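Peer 1: One structure, pasted below without further comment.
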Amino acid sequence: MGAGGEEFKRFSFRDVMGVSLGRKAGLRFALISGEDSPLVDRFAAKMDIADVCKGCKDKASALQDFARKHRLDLGEVCFMGDDVNDLAALGWRDCPRRPPMPRHGARQGE
């Protein structure tokens, strides 16, 4: 938090580059966040991500809604998460994806 109460959040340039390269390769992106913050909107706008779900408590359902909306087979969807609230969506597919070094506690059983 800033002195004036403004909220700060770090975004990795890896995220920015990954979305940019993925978009050039023809991938479609959604931003599903547990946070309901203007920062989510700003990041989505910067990355030109139209499918945004903020304040999401059930990311697995949001992911399924995204697939249904775009008529994608569930096997065509990849989810990446980095915290415990992502576990249900990570386990939703046969091949869950996660960053190489998740935050402490983001792996099941910790």
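Letters for chains follow the order of the structure tokens (A, B, ...), residue numbers begin at 1 for each chain, and ligand numbers begin at 1 in the order shown.
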Excluding Arg28 of chain A and residues on its chain fewer than 6 positions from it, collect all residues at most 10 Å away from it, counting only C-alpha atoms, and give them as an MDAnalysis selection string.
Peer 2: chainID A and resid 19 22 49:51 70 77
Peer 1: A:Ser33, A:Ala60, A:Lys69, A:Leu74: which is nearest Gly91 of chain A, counting only C-alpha atoms?
Peer 2: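 That would be A:Ala60, the residue with the smallest distance to Gly91 of chain A.
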Peer 1: Just how far from atom CA of Val16 of chain A is atom CA of Arg42 of chain A, in Å to one decimal?
Peer 2: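 It comes out at 12.8 Å.
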Peer 1: Any idea what's packed within 12 Å of Asp15 of chain A, counting only C-alpha atoms, ignoring anything in its chain fewer than 6 positions away? Could you give it as a PyMOL selection string?
Peer 2: chain A and resi 21-22+29+31+43-44+46-47+80-81+99
Peer 1: Taking 2 positions as the minimum chain separation for residues in the same chain, which residues sit within 9 Å of Ile32 of chain A when counting only C-alpha atoms? Answer as a ChimeraX atom specification.
Peer 2: /A:30,34-35,51-56,59,62-63
Peer 1: Using the selection just defined, write its residues with N, CA and C atoms as a PDB file, in the first residue's frame.
Peer 2:
```pdb
ATOM      1  N   ALA A  30      -7.519 -16.033 -20.628  1.00  0.00           N
ATOM      2  CA  ALA A  30      -8.460 -15.523 -19.636  1.00  0.00           C
ATOM      3  C   ALA A  30      -7.653 -15.167 -18.405  1.00  0.00           C
ATOM      4  N   GLY A  34      -8.691 -14.301  -7.796  1.00  0.00           N
ATOM      5  CA  GLY A  34      -9.429 -14.244  -6.540  1.00  0.00           C
ATOM      6  C   GLY A  34      -9.578 -12.822  -6.038  1.00  0.00           C
ATOM      7  N   GLU A  35      -8.763 -11.924  -6.575  1.00  0.00           N
ATOM      8  CA  GLU A  35      -8.817 -10.522  -6.162  1.00  0.00           C
ATOM      9  C   GLU A  35      -9.842  -9.758  -7.001  1.00  0.00           C
ATOM     10  N   ASP A  51     -11.467 -11.848 -21.451  1.00  0.00           N
ATOM     11  CA  ASP A  51     -12.128 -12.772 -20.526  1.00  0.00           C
ATOM     12  C   ASP A  51     -11.518 -12.613 -19.138  1.00  0.00           C
ATOM     13  N   VAL A  52     -12.216 -11.866 -18.283  1.00  0.00           N
ATOM     14  CA  VAL A  52     -11.714 -11.579 -16.945  1.00  0.00           C
ATOM     15  C   VAL A  52     -12.764 -11.989 -15.924  1.00  0.00           C
ATOM     16  N   CYS A  53     -12.337 -12.745 -14.937  1.00  0.00           N
ATOM     17  CA  CYS A  53     -13.204 -13.147 -13.829  1.00  0.00           C
ATOM     18  C   CYS A  53     -12.502 -12.713 -12.545  1.00  0.00           C
ATOM     19  N   LYS A  54     -13.033 -11.660 -11.898  1.00  0.00           N
ATOM     20  CA  LYS A  54     -12.427 -11.111 -10.679  1.00  0.00           C
ATOM     21  C   LYS A  54     -13.201 -11.569  -9.454  1.00  0.00           C
ATOM     22  N   GLY A  55     -12.508 -11.604  -8.318  1.00  0.00           N
ATOM     23  CA  GLY A  55     -13.165 -11.993  -7.071  1.00  0.00           C
ATOM     24  C   GLY A  55     -13.663 -13.425  -7.123  1.00  0.00           C
ATOM     25  N   CYS A  56     -12.994 -14.246  -7.888  1.00  0.00           N
ATOM     26  CA  CYS A  56     -13.444 -15.612  -8.153  1.00  0.00           C
ATOM     27  C   CYS A  56     -13.133 -16.538  -6.977  1.00  0.00           C
ATOM     28  N   LYS A  59     -12.364 -21.205  -9.077  1.00  0.00           N
ATOM     29  CA  LYS A  59     -11.625 -21.051 -10.323  1.00  0.00           C
ATOM     30  C   LYS A  59     -11.830 -22.230 -11.268  1.00  0.00           C
ATOM     31  N   ALA A  62     -14.908 -21.358 -13.140  1.00  0.00           N
ATOM     32  CA  ALA A  62     -14.626 -20.248 -14.060  1.00  0.00           C
ATOM     33  C   ALA A  62     -13.872 -20.758 -15.282  1.00  0.00           C
ATOM     34  N   LEU A  63     -12.977 -21.693 -15.069  1.00  0.00           N
ATOM     35  CA  LEU A  63     -12.218 -22.279 -16.165  1.00  0.00           C
ATOM     36  C   LEU A  63     -13.136 -23.077 -17.097  1.00  0.00           C
TER      37      LEU A  63
END
```
Peer 1: Could you pull out the strand (DSSP E or B) residues of segment 27-79 of chain A from DSSP and send them as a VMD selection string?
Peer 2: chain A and resid 30 to 32 51 to 53
Peer 1: Any idea what's packed within 9 Å of Asn85 of chain A, counting only C-alpha atoms, ignoring anything in its chain fewer than 2 positions away? Could you give it as a PDB file with C-alpha atoms, in the first residue's frame?
Peer 2:
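Saved result, part.pdb, follows:
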```
ATOM      1  CA  GLY A  34      -9.429 -14.244  -6.540  1.00  0.00           C
ATOM      2  CA  LYS A  57     -13.981 -18.158  -5.380  1.00  0.00           C
ATOM      3  CA  ASP A  58     -14.336 -21.187  -7.679  1.00  0.00           C
ATOM      4  CA  LYS A  59     -11.625 -21.051 -10.323  1.00  0.00           C
ATOM      5  CA  GLY A  81      -1.762 -20.959 -10.823  1.00  0.00           C
ATOM      6  CA  ASP A  82       0.559 -20.067  -7.996  1.00  0.00           C
ATOM      7  CA  ASP A  83      -1.335 -20.297  -4.720  1.00  0.00           C
ATOM      8  CA  LEU A  87      -5.436 -26.110  -6.388  1.00  0.00           C
ATOM      9  CA  ALA A  88      -8.951 -27.107  -7.463  1.00  0.00           C
ATOM     10  CA  ALA A  89      -8.437 -25.671 -10.946  1.00  0.00           C
ATOM     11  CA  ALA A 106       0.709 -23.964  -2.765  1.00  0.00           C
TER      12      ALA A 106
END
```
Peer 1: Please measure the separation of atom CA of Asp86 of chain A and atom CA of Ser61 of chain A, giving the value in Å to one decimal.
Peer 2: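 Atom-to-atom, atom CA of Asp86 of chain A and atom CA of Ser61 of chain A are spaced 11.5 Å apart.
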Peer 1: In Å, rounded to a single decimal, give me how far atom CA of Cys78 of chain A is from atom CA of Leu90 of chain A.
Peer 2: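 Rounded to one decimal, the two atoms are 8.9 Å apart.
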